[in-house]
Amino acid sequence: MIKLTKSGKTSGSSLLRWIVGIIFVLIVIAGINAGMKDVPLAEQPQQSTQQAGETDLEAQVRAEGNASGQDTGLAENNLEDTGLAENNLEDTGLAENNLEDTGLADNNLADNNPANGGNPTDENLTVHFLDVGQGDSILLEYNGKAMLVDAGERNQGSGVSAYLHEHDISGIDYVVATHPHADHIGGMDEVLSSFQVEHFIDSGFPHTSKTYENMLTTIDKKNIPFEVAEKGKEIEFDPAVDVEVLNPGPEYSDELNENSVVLKVSYGEVSFLLMGDAGLETEENLMNTGYDLDSDILKVGHHASRSGSGGAFISVVSPEISVIEVGAGNDYGHPHPEILERLQKVSRVYRTDLDGSITVTTDGSAYTVTAQKTGSGEGVVKTEPAESGAESSSASMTTKENEPKDSEAEETEAGEAETEAKEVEVEASVTSGSAESTVYVSDLSLKDEWVKITNRGSSPVSLTGWKIEDDGSKHAYTFPSCTLDSQTTATLYTGEGADTATELYWGSGSPIWNNDGDTAYLFDDSGNLVASLEG
């Protein structure tokens, strides 16, 4: 049949061109099929990601005759030459089971763990020694976690809370109460009420003070997990930071301060020893136990009173930095000149009464110290231990401008300490000025109506004419002719009875102490306040 054009005329030439075109196409298809038979195809390629141009890419690869994958190095089973073969990754250092050379092996990270003394991560451990007056409060920060050790007096609770908020702390992982004296736990009630607390750790030594009872009541109301510190146990603050409990032991001391929770905090090569109010008795026990007490930063025990920081202990600890938490112009004579001199001989001393809050920041191999009030500080880089007779094992860079003046002050304080020591040796009893550091109110029971006075010094003290008063001086007791022997505690009972060397009686027929909260004040025979204790 003859095809008609649109004009209705036949077109023989057009028909001929159409027939030739069909024949040409058939020849081309036959040639392609013949060529395809000579080229072995690789297995069907794996599907790639559904990206734009995927179909065009496959067509291009087929058109170029590279489906075998041999020349491109993409054949499924022939990846050896690219170094990416599934089972032949050794040469790249990325083999699944051969990561040793890269330092990233799954089981080869121990050397980079700061707790093991290796190079720490880029995280810093920051330890704040808060200025809370005559009391203690220490904050540890690491990797978004926080630990608070003590909270100062009752009137310091709001200040401690504000300090934590200023450092963007909304919750506290661990709160540690070293012991139940008011200058350490007085602010706890405020802090516990203001923050979400995950764990509370206590010394476990009970106390009858209202401050301690209030703290326990808040812990109970907020359902805060309560734990008792155990000697030799670790506080699981963070895997990179080692926090070990060194005190108290399984048997408590009769002296409340000696039951303080003592912590050794280690991060890489930098370590802190936090002594609470622990004194000579605890120091002796720690040395006899065989703990590694050597530490870079020492939080001096009991505000650097003469009840602690013995010469042998300080020698074993060998601190580079000593921090004394103490109130300006306190009534206890803290820090004691003799202890201050001892610490200054071996370390750089920072004091919250002079320097304000003190911050130590460390990456585990070096640390820096900054002081709030004075702006002074220093950086210390830890190095390998020096050989015998060599220089100190750390390089210290001090930036405090008035360092020469400090040296002059140290000489003056050392001279005063030597003079005082000679006076104590000559006199049979301690004078009122020296007694401020040795005689103190060691315990107070508001419910059972008694107060304890302890002489922790090395000489007896005459208490004749001394006074005990309650809050507001509503009641006063004057000591009769009596002497309190060295390392001895006398108990003053409210009721009537016969006085002995260690038991005295007020003779009152009615209660003296206010069970809702009261304070015992101890005055010497000249009317000077020697000590006080909040119950």
# chains A, B, ... in the order shown; residues from 1 in each chain; ligands from 1
call {"tool": "residues_around", "arguments": {"residues": "region 441-447 of chain A", "least_positions_apart": "5", "cutoff": "8 Å", "atoms": "only C-alpha atoms", "output": "compact mmCIF listing (two decimals) with N, CA and C atoms, in the first residue's frame"}}
result
# COMPACT_ATOMS: atom_id res chain seq x y z
N THR A 208 24.01 15.75 118.24
CA THR A 208 22.71 16.11 118.81
C THR A 208 22.32 17.56 118.52
N SER A 209 23.11 18.27 117.73
CA SER A 209 22.82 19.68 117.49
C SER A 209 21.59 19.85 116.62
N LYS A 210 20.93 21.00 116.81
CA LYS A 210 19.76 21.30 116.01
C LYS A 210 20.14 21.47 114.55
N GLU A 255 36.72 12.26 119.65
CA GLU A 255 36.81 13.65 119.23
C GLU A 255 36.13 13.82 117.87
N LEU A 256 35.14 14.70 117.82
CA LEU A 256 34.32 14.87 116.62
C LEU A 256 35.15 15.23 115.39
N LYS A 452 30.90 20.45 126.44
CA LYS A 452 32.23 19.89 126.67
C LYS A 452 33.31 20.89 126.29
N ILE A 453 34.32 20.99 127.16
CA ILE A 453 35.46 21.86 126.93
C ILE A 453 36.70 20.98 126.82
N THR A 454 37.49 21.16 125.76
CA THR A 454 38.65 20.31 125.52
C THR A 454 39.93 21.14 125.46
N TRP A 513 19.86 25.45 127.91
CA TRP A 513 20.05 25.51 126.47
C TRP A 513 18.73 25.41 125.72
N ASN A 514 18.57 26.23 124.71
CA ASN A 514 17.36 26.28 123.89
C ASN A 514 17.42 25.17 122.85
N ASN A 515 16.47 24.24 122.93
CA ASN A 515 16.49 23.10 122.02
C ASN A 515 16.23 23.48 120.56
N GLY A 517 17.81 25.72 119.06
CA GLY A 517 19.05 26.27 118.55
C GLY A 517 19.68 27.21 119.55
N ASP A 518 20.94 26.97 119.85
CA ASP A 518 21.63 27.80 120.84
C ASP A 518 23.13 27.73 120.56
N ALA A 520 27.06 27.97 122.59
CA ALA A 520 27.87 28.04 123.81
C ALA A 520 29.09 28.90 123.53
N TYR A 521 29.30 29.93 124.37
CA TYR A 521 30.45 30.83 124.24
C TYR A 521 31.38 30.63 125.42
N LEU A 522 32.67 30.51 125.12
CA LEU A 522 33.68 30.32 126.17
C LEU A 522 34.54 31.58 126.24
N ALA A 531 36.29 30.70 122.39
CA ALA A 531 35.72 29.74 121.46
C ALA A 531 34.20 29.79 121.55
N SER A 532 33.54 29.25 120.54
CA SER A 532 32.08 29.14 120.55
C SER A 532 31.69 27.93 119.73
N LEU A 533 30.51 27.41 120.00
CA LEU A 533 30.00 26.27 119.25
C LEU A 533 28.48 26.37 119.18
N GLU A 534 27.96 26.30 117.98
CA GLU A 534 26.52 26.35 117.77
C GLU A 534 25.93 24.96 117.88
N GLY A 535 24.86 24.84 118.63
CA GLY A 535 24.22 23.56 118.81
C GLY A 535 22.91 23.47 118.06
call {"tool": "select_by_dssp", "arguments": {"residues": "region 231-402 of chain A", "states": "strand (DSSP E)", "output": "PDB file with N, CA and C atoms, in the first residue's frame"}}
result
ATOM      1  N   ASP A 242      39.624  10.318  90.356  1.00  0.00           N
ATOM      2  CA  ASP A 242      39.685   9.351  91.458  1.00  0.00           C
ATOM      3  C   ASP A 242      39.444  10.074  92.775  1.00  0.00           C
ATOM      4  N   VAL A 243      38.358   9.729  93.480  1.00  0.00           N
ATOM      5  CA  VAL A 243      38.041  10.329  94.774  1.00  0.00           C
ATOM      6  C   VAL A 243      37.980   9.202  95.810  1.00  0.00           C
ATOM      7  N   GLU A 244      38.985   9.144  96.671  1.00  0.00           N
ATOM      8  CA  GLU A 244      39.081   8.056  97.647  1.00  0.00           C
ATOM      9  C   GLU A 244      38.854   8.583  99.058  1.00  0.00           C
ATOM     10  N   VAL A 245      38.091   7.820  99.845  1.00  0.00           N
ATOM     11  CA  VAL A 245      37.842   8.162 101.247  1.00  0.00           C
ATOM     12  C   VAL A 245      38.963   7.572 102.102  1.00  0.00           C
ATOM     13  N   LEU A 246      39.675   8.422 102.833  1.00  0.00           N
ATOM     14  CA  LEU A 246      40.767   7.967 103.701  1.00  0.00           C
ATOM     15  C   LEU A 246      40.373   7.927 105.173  1.00  0.00           C
ATOM     16  N   ASN A 247      39.314   8.602 105.530  1.00  0.00           N
ATOM     17  CA  ASN A 247      38.850   8.687 106.917  1.00  0.00           C
ATOM     18  C   ASN A 247      37.364   9.054 106.880  1.00  0.00           C
ATOM     19  N   VAL A 262      37.963  12.536 105.178  1.00  0.00           N
ATOM     20  CA  VAL A 262      39.171  12.989 104.490  1.00  0.00           C
ATOM     21  C   VAL A 262      39.167  12.386 103.088  1.00  0.00           C
ATOM     22  N   LEU A 263      39.365  13.236 102.064  1.00  0.00           N
ATOM     23  CA  LEU A 263      39.304  12.778 100.679  1.00  0.00           C
ATOM     24  C   LEU A 263      40.635  13.023  99.974  1.00  0.00           C
ATOM     25  N   LYS A 264      41.060  12.030  99.180  1.00  0.00           N
ATOM     26  CA  LYS A 264      42.202  12.196  98.275  1.00  0.00           C
ATOM     27  C   LYS A 264      41.630  12.223  96.854  1.00  0.00           C
ATOM     28  N   VAL A 265      41.772  13.370  96.188  1.00  0.00           N
ATOM     29  CA  VAL A 265      41.242  13.563  94.837  1.00  0.00           C
ATOM     30  C   VAL A 265      42.408  13.592  93.863  1.00  0.00           C
ATOM     31  N   SER A 266      42.381  12.712  92.861  1.00  0.00           N
ATOM     32  CA  SER A 266      43.474  12.620  91.890  1.00  0.00           C
ATOM     33  C   SER A 266      42.923  12.717  90.478  1.00  0.00           C
ATOM     34  N   TYR A 267      43.578  13.550  89.680  1.00  0.00           N
ATOM     35  CA  TYR A 267      43.230  13.705  88.267  1.00  0.00           C
ATOM     36  C   TYR A 267      44.527  13.736  87.482  1.00  0.00           C
ATOM     37  N   VAL A 270      47.931  15.210  89.012  1.00  0.00           N
ATOM     38  CA  VAL A 270      47.674  16.250  90.002  1.00  0.00           C
ATOM     39  C   VAL A 270      46.727  15.719  91.073  1.00  0.00           C
ATOM     40  N   SER A 271      47.062  15.973  92.342  1.00  0.00           N
ATOM     41  CA  SER A 271      46.260  15.413  93.433  1.00  0.00           C
ATOM     42  C   SER A 271      45.986  16.454  94.515  1.00  0.00           C
ATOM     43  N   PHE A 272      44.833  16.271  95.173  1.00  0.00           N
ATOM     44  CA  PHE A 272      44.383  17.140  96.253  1.00  0.00           C
ATOM     45  C   PHE A 272      44.138  16.286  97.495  1.00  0.00           C
ATOM     46  N   LEU A 273      44.485  16.796  98.662  1.00  0.00           N
ATOM     47  CA  LEU A 273      44.176  16.136  99.926  1.00  0.00           C
ATOM     48  C   LEU A 273      43.311  17.083 100.740  1.00  0.00           C
ATOM     49  N   LEU A 274      42.044  16.696 100.977  1.00  0.00           N
ATOM     50  CA  LEU A 274      41.075  17.526 101.674  1.00  0.00           C
ATOM     51  C   LEU A 274      40.881  16.961 103.078  1.00  0.00           C
ATOM     52  N   ILE A 297      48.152  19.671  96.241  1.00  0.00           N
ATOM     53  CA  ILE A 297      47.388  20.729  96.895  1.00  0.00           C
ATOM     54  C   ILE A 297      46.794  20.168  98.181  1.00  0.00           C
ATOM     55  N   LEU A 298      47.061  20.831  99.298  1.00  0.00           N
ATOM     56  CA  LEU A 298      46.557  20.404 100.606  1.00  0.00           C
ATOM     57  C   LEU A 298      45.549  21.416 101.116  1.00  0.00           C
ATOM     58  N   LYS A 299      44.325  20.937 101.418  1.00  0.00           N
ATOM     59  CA  LYS A 299      43.384  21.762 102.163  1.00  0.00           C
ATOM     60  C   LYS A 299      43.707  21.498 103.623  1.00  0.00           C
ATOM     61  N   ILE A 321      51.075  23.489  97.201  1.00  0.00           N
ATOM     62  CA  ILE A 321      50.109  24.538  97.538  1.00  0.00           C
ATOM     63  C   ILE A 321      49.359  24.123  98.792  1.00  0.00           C
ATOM     64  N   SER A 322      49.266  25.046  99.761  1.00  0.00           N
ATOM     65  CA  SER A 322      48.459  24.800 100.959  1.00  0.00           C
ATOM     66  C   SER A 322      47.365  25.849 101.032  1.00  0.00           C
ATOM     67  N   VAL A 323      46.133  25.392 101.192  1.00  0.00           N
ATOM     68  CA  VAL A 323      44.984  26.299 101.253  1.00  0.00           C
ATOM     69  C   VAL A 323      44.403  26.250 102.663  1.00  0.00           C
ATOM     70  N   ILE A 324      44.301  27.418 103.287  1.00  0.00           N
ATOM     71  CA  ILE A 324      43.727  27.515 104.629  1.00  0.00           C
ATOM     72  C   ILE A 324      42.395  28.237 104.523  1.00  0.00           C
ATOM     73  N   ARG A 348      53.521  27.057  98.929  1.00  0.00           N
ATOM     74  CA  ARG A 348      52.916  28.379  98.789  1.00  0.00           C
ATOM     75  C   ARG A 348      51.574  28.328  99.513  1.00  0.00           C
ATOM     76  N   VAL A 349      51.338  29.283 100.414  1.00  0.00           N
ATOM     77  CA  VAL A 349      50.140  29.266 101.245  1.00  0.00           C
ATOM     78  C   VAL A 349      49.129  30.292 100.739  1.00  0.00           C
ATOM     79  N   TYR A 350      47.895  29.846 100.561  1.00  0.00           N
ATOM     80  CA  TYR A 350      46.771  30.714 100.232  1.00  0.00           C
ATOM     81  C   TYR A 350      45.772  30.661 101.388  1.00  0.00           C
ATOM     82  N   ARG A 351      45.179  31.823 101.706  1.00  0.00           N
ATOM     83  CA  ARG A 351      44.226  31.913 102.813  1.00  0.00           C
ATOM     84  C   ARG A 351      42.967  32.632 102.343  1.00  0.00           C
ATOM     85  N   ILE A 358      39.531  30.735  96.433  1.00  0.00           N
ATOM     86  CA  ILE A 358      40.733  30.298  95.717  1.00  0.00           C
ATOM     87  C   ILE A 358      40.333  29.167  94.784  1.00  0.00           C
ATOM     88  N   THR A 359      40.782  29.265  93.531  1.00  0.00           N
ATOM     89  CA  THR A 359      40.404  28.292  92.517  1.00  0.00           C
ATOM     90  C   THR A 359      41.645  27.626  91.941  1.00  0.00           C
ATOM     91  N   VAL A 360      41.611  26.297  91.878  1.00  0.00           N
ATOM     92  CA  VAL A 360      42.684  25.530  91.255  1.00  0.00           C
ATOM     93  C   VAL A 360      42.092  24.806  90.051  1.00  0.00           C
ATOM     94  N   THR A 361      42.671  25.040  88.883  1.00  0.00           N
ATOM     95  CA  THR A 361      42.206  24.418  87.649  1.00  0.00           C
ATOM     96  C   THR A 361      43.328  23.560  87.082  1.00  0.00           C
ATOM     97  N   THR A 362      43.015  22.307  86.728  1.00  0.00           N
ATOM     98  CA  THR A 362      44.040  21.397  86.229  1.00  0.00           C
ATOM     99  C   THR A 362      43.522  20.558  85.074  1.00  0.00           C
ATOM    100  N   ALA A 366      49.126  19.786  84.518  1.00  0.00           N
ATOM    101  CA  ALA A 366      49.536  21.086  85.030  1.00  0.00           C
ATOM    102  C   ALA A 366      48.350  21.703  85.747  1.00  0.00           C
ATOM    103  N   TYR A 367      48.611  22.704  86.582  1.00  0.00           N
ATOM    104  CA  TYR A 367      47.501  23.365  87.258  1.00  0.00           C
ATOM    105  C   TYR A 367      47.819  24.848  87.444  1.00  0.00           C
ATOM    106  N   THR A 368      46.760  25.626  87.567  1.00  0.00           N
ATOM    107  CA  THR A 368      46.887  27.057  87.835  1.00  0.00           C
ATOM    108  C   THR A 368      46.068  27.394  89.070  1.00  0.00           C
ATOM    109  N   VAL A 369      46.563  28.370  89.834  1.00  0.00           N
ATOM    110  CA  VAL A 369      45.894  28.816  91.052  1.00  0.00           C
ATOM    111  C   VAL A 369      45.549  30.287  90.888  1.00  0.00           C
ATOM    112  N   THR A 370      44.309  30.633  91.174  1.00  0.00           N
ATOM    113  CA  THR A 370      43.899  32.033  91.129  1.00  0.00           C
ATOM    114  C   THR A 370      43.211  32.397  92.432  1.00  0.00           C
ATOM    115  N   ALA A 371      43.442  33.639  92.875  1.00  0.00           N
ATOM    116  CA  ALA A 371      42.859  34.121  94.118  1.00  0.00           C
ATOM    117  C   ALA A 371      41.906  35.267  93.821  1.00  0.00           C
ATOM    118  N   GLY A 377      48.317  34.541  91.712  1.00  0.00           N
ATOM    119  CA  GLY A 377      48.192  33.151  91.305  1.00  0.00           C
ATOM    120  C   GLY A 377      49.480  32.630  90.740  1.00  0.00           C
ATOM    121  N   GLU A 378      49.449  31.388  90.323  1.00  0.00           N
ATOM    122  CA  GLU A 378      50.623  30.769  89.730  1.00  0.00           C
ATOM    123  C   GLU A 378      50.202  29.576  88.900  1.00  0.00           C
ATOM    124  N   GLY A 379      51.075  29.222  87.976  1.00  0.00           N
ATOM    125  CA  GLY A 379      50.856  28.023  87.177  1.00  0.00           C
ATOM    126  C   GLY A 379      51.979  27.049  87.431  1.00  0.00           C
ATOM    127  N   VAL A 380      51.643  25.794  87.555  1.00  0.00           N
ATOM    128  CA  VAL A 380      52.643  24.763  87.833  1.00  0.00           C
ATOM    129  C   VAL A 380      52.500  23.652  86.818  1.00  0.00           C
ATOM    130  N   VAL A 381      53.604  23.281  86.190  1.00  0.00           N
ATOM    131  CA  VAL A 381      53.634  22.183  85.229  1.00  0.00           C
ATOM    132  C   VAL A 381      54.304  20.993  85.888  1.00  0.00           C
ATOM    133  N   LYS A 382      53.592  19.893  85.956  1.00  0.00           N
ATOM    134  CA  LYS A 382      54.146  18.686  86.564  1.00  0.00           C
ATOM    135  C   LYS A 382      55.124  18.035  85.603  1.00  0.00           C
ATOM    136  N   SER A 394      58.721  20.457  89.962  1.00  0.00           N
ATOM    137  CA  SER A 394      57.737  21.277  89.265  1.00  0.00           C
ATOM    138  C   SER A 394      58.296  22.655  89.003  1.00  0.00           C
ATOM    139  N   ALA A 395      57.864  23.227  87.901  1.00  0.00           N
ATOM    140  CA  ALA A 395      58.283  24.580  87.563  1.00  0.00           C
ATOM    141  C   ALA A 395      57.177  25.531  87.959  1.00  0.00           C
ATOM    142  N   SER A 396      57.459  26.481  88.850  1.00  0.00           N
ATOM    143  CA  SER A 396      56.438  27.385  89.362  1.00  0.00           C
ATOM    144  C   SER A 396      56.631  28.777  88.767  1.00  0.00           C
ATOM    145  N   MET A 397      55.537  29.362  88.285  1.00  0.00           N
ATOM    146  CA  MET A 397      55.574  30.700  87.714  1.00  0.00           C
ATOM    147  C   MET A 397      54.680  31.582  88.546  1.00  0.00           C
ATOM    148  N   THR A 398      55.249  32.330  89.497  1.00  0.00           N
ATOM    149  CA  THR A 398      54.482  33.150  90.412  1.00  0.00           C
ATOM    150  C   THR A 398      54.277  34.535  89.835  1.00  0.00           C
TER     151      THR A 398
END
call {"tool": "residues_around", "arguments": {"residues": "Thr217 (chain A)", "least_positions_apart": "3", "cutoff": "12 Å", "atoms": "only C-alpha atoms", "output": "count of residues only"}}
result
15
call {"tool": "residues_around", "arguments": {"residues": "Asp292 (chain A)", "least_positions_apart": "4", "cutoff": "10 Å", "atoms": "only C-alpha atoms", "output": "JSON, numbers by chain"}}
result
{"A": [264, 286, 287, 316, 317]}
call {"tool": "closest_atom_pairs", "arguments": {"of": "region 442-461 of chain A", "to": "region 476-493 of chain A", "cutoff": "7 Å", "atoms": "only C-alpha atoms", "output": "tab-separated table"}}
result
residue	atom	partner	partner_atom	distance
A:Glu449	CA	A:Tyr493	CA	6.2
A:Trp450	CA	A:Tyr493	CA	4.4
A:Val451	CA	A:Leu492	CA	5.3
A:Lys452	CA	A:Thr491	CA	4.4
A:Ile453	CA	A:Ala490	CA	5.3
A:Thr454	CA	A:Thr489	CA	4.2
A:Asn455	CA	A:Gln487	CA	5.3
A:Arg456	CA	A:Gln487	CA	4.6
A:Gly457	CA	A:Ser486	CA	5.6
A:Ser458	CA	A:Ser486	CA	5.3
A:Ser459	CA	A:Ser486	CA	5.1
A:Pro460	CA	A:Asp485	CA	4.2
A:Val461	CA	A:Leu484	CA	5.2
call {"tool": "write_last_selection", "arguments": {"atoms": "all heavy atoms", "output": "compact mmCIF listing (two decimals), in the first residue's frame"}}
result
# COMPACT_ATOMS: atom_id res chain seq x y z
N GLU A 449 21.52 18.72 127.86
CA GLU A 449 21.96 19.80 128.74
C GLU A 449 23.39 19.62 129.27
O GLU A 449 23.63 19.56 130.46
CB GLU A 449 20.97 19.95 129.92
CG GLU A 449 19.60 20.44 129.53
CD GLU A 449 19.57 21.94 129.24
OE1 GLU A 449 20.37 22.67 129.85
OE2 GLU A 449 18.76 22.38 128.41
N TRP A 450 24.32 19.56 128.35
CA TRP A 450 25.73 19.58 128.75
C TRP A 450 26.58 20.18 127.65
O TRP A 450 26.19 20.22 126.48
CB TRP A 450 26.26 18.18 129.12
CG TRP A 450 26.02 17.07 128.13
CD1 TRP A 450 25.12 16.06 128.25
CD2 TRP A 450 26.71 16.85 126.87
NE1 TRP A 450 25.19 15.22 127.15
CE2 TRP A 450 26.17 15.68 126.30
CE3 TRP A 450 27.71 17.52 126.20
CZ2 TRP A 450 26.60 15.18 125.07
CZ3 TRP A 450 28.16 17.02 124.97
CH2 TRP A 450 27.61 15.86 124.42
N VAL A 451 27.75 20.69 128.03
CA VAL A 451 28.70 21.27 127.10
C VAL A 451 30.09 20.74 127.46
O VAL A 451 30.41 20.58 128.64
CB VAL A 451 28.66 22.81 127.13
CG1 VAL A 451 28.96 23.36 128.52
CG2 VAL A 451 29.64 23.40 126.11
N LYS A 452 30.90 20.45 126.44
CA LYS A 452 32.23 19.89 126.67
C LYS A 452 33.31 20.89 126.29
O LYS A 452 33.23 21.55 125.24
CB LYS A 452 32.41 18.60 125.88
CG LYS A 452 31.54 17.46 126.37
CD LYS A 452 31.85 16.15 125.64
CE LYS A 452 31.01 15.01 126.21
NZ LYS A 452 31.32 13.72 125.56
N ILE A 453 34.32 20.99 127.16
CA ILE A 453 35.46 21.86 126.93
C ILE A 453 36.70 20.98 126.82
O ILE A 453 36.94 20.13 127.69
CB ILE A 453 35.65 22.87 128.09
CG1 ILE A 453 34.32 23.53 128.45
CG2 ILE A 453 36.72 23.89 127.74
CD1 ILE A 453 33.70 24.32 127.33
N THR A 454 37.49 21.16 125.76
CA THR A 454 38.65 20.31 125.52
C THR A 454 39.93 21.14 125.46
O THR A 454 39.96 22.22 124.87
CB THR A 454 38.49 19.54 124.20
OG1 THR A 454 37.34 18.70 124.28
CG2 THR A 454 39.72 18.67 123.91
N ASN A 455 40.98 20.60 126.08
CA ASN A 455 42.32 21.18 125.99
C ASN A 455 43.14 20.27 125.09
O ASN A 455 43.57 19.20 125.49
CB ASN A 455 42.97 21.29 127.37
CG ASN A 455 44.40 21.80 127.30
OD1 ASN A 455 44.85 22.29 126.26
ND2 ASN A 455 45.13 21.68 128.40
N ARG A 456 43.37 20.70 123.86
CA ARG A 456 44.13 19.89 122.93
C ARG A 456 45.60 20.25 122.92
O ARG A 456 46.37 19.74 122.10
CB ARG A 456 43.56 20.07 121.52
CG ARG A 456 43.63 21.50 121.03
CD ARG A 456 42.79 21.71 119.80
NE ARG A 456 42.62 23.12 119.48
CZ ARG A 456 41.59 23.64 118.86
NH1 ARG A 456 40.60 22.86 118.50
NH2 ARG A 456 41.51 24.92 118.59
N GLY A 457 45.99 21.14 123.80
CA GLY A 457 47.38 21.58 123.85
C GLY A 457 48.27 20.59 124.58
O GLY A 457 47.84 19.54 125.08
N SER A 458 49.54 20.96 124.71
CA SER A 458 50.53 20.09 125.35
C SER A 458 50.77 20.47 126.81
O SER A 458 51.58 19.84 127.49
CB SER A 458 51.86 20.15 124.58
OG SER A 458 52.34 21.49 124.52
N SER A 459 50.08 21.50 127.29
CA SER A 459 50.24 21.96 128.67
C SER A 459 48.88 22.13 129.33
O SER A 459 47.89 22.39 128.65
CB SER A 459 50.99 23.31 128.71
OG SER A 459 52.25 23.22 128.08
N PRO A 460 48.81 21.99 130.65
CA PRO A 460 47.54 22.20 131.36
C PRO A 460 47.14 23.66 131.30
O PRO A 460 47.97 24.56 131.16
CB PRO A 460 47.84 21.75 132.80
CG PRO A 460 49.32 21.90 132.93
CD PRO A 460 49.90 21.60 131.58
N VAL A 461 45.83 23.92 131.43
CA VAL A 461 45.29 25.29 131.36
C VAL A 461 44.42 25.53 132.59
O VAL A 461 43.54 24.73 132.90
CB VAL A 461 44.47 25.49 130.08
CG1 VAL A 461 43.83 26.87 130.07
CG2 VAL A 461 45.34 25.30 128.85
call {"tool": "closest_residue", "arguments": {"among": "A:Glu258, A:Glu251, A:Glu496, A:Glu325", "to": "Ala151 (chain A)", "atoms": "only C-alpha atoms"}}
result
A:Glu325
call {"tool": "closest_residue", "arguments": {"among": "A:Val132, A:Val300, A:Ile22, A:Ala162", "to": "Asp355 (chain A)", "atoms": "only C-alpha atoms"}}
result
A:Val132
call {"tool": "select_by_dssp", "arguments": {"residues": "region 89-267 of chain A", "states": "helix (DSSP H, G or I)", "output": "NGL selection string"}}
result
:A and (90-92 or 100-102 or 110-112 or 114-116 or 154-166 or 182-185 or 188-194 or 210-221 or 256-259)
call {"tool": "atom_distance", "arguments": {"atom1": "CA of Asp131 (chain A)", "atom2": "CA of Tyr332 (chain A)"}}
result
17.2 Å
call {"tool": "atom_distance", "arguments": {"atom1": "CA of Val176 (chain A)", "atom2": "CA of Gly279 (chain A)"}}
result
18.6 Å
call {"tool": "atom_distance", "arguments": {"atom1": "CA of Phe523 (chain A)", "atom2": "CA of Asp331 (chain A)"}}
result
10.4 Å
call {"tool": "closest_residue", "arguments": {"among": "A:Ala501, A:Ile169, A:Met275, A:Leu529", "to": "Val439 (chain A)", "atoms": "only C-alpha atoms"}}
result
A:Leu529
call {"tool": "closest_residue", "arguments": {"among": "A:Glu469, A:Glu198, A:Asp499, A:Glu341", "to": "Gly527 (chain A)", "atoms": "only C-alpha atoms"}}
result
A:Glu469
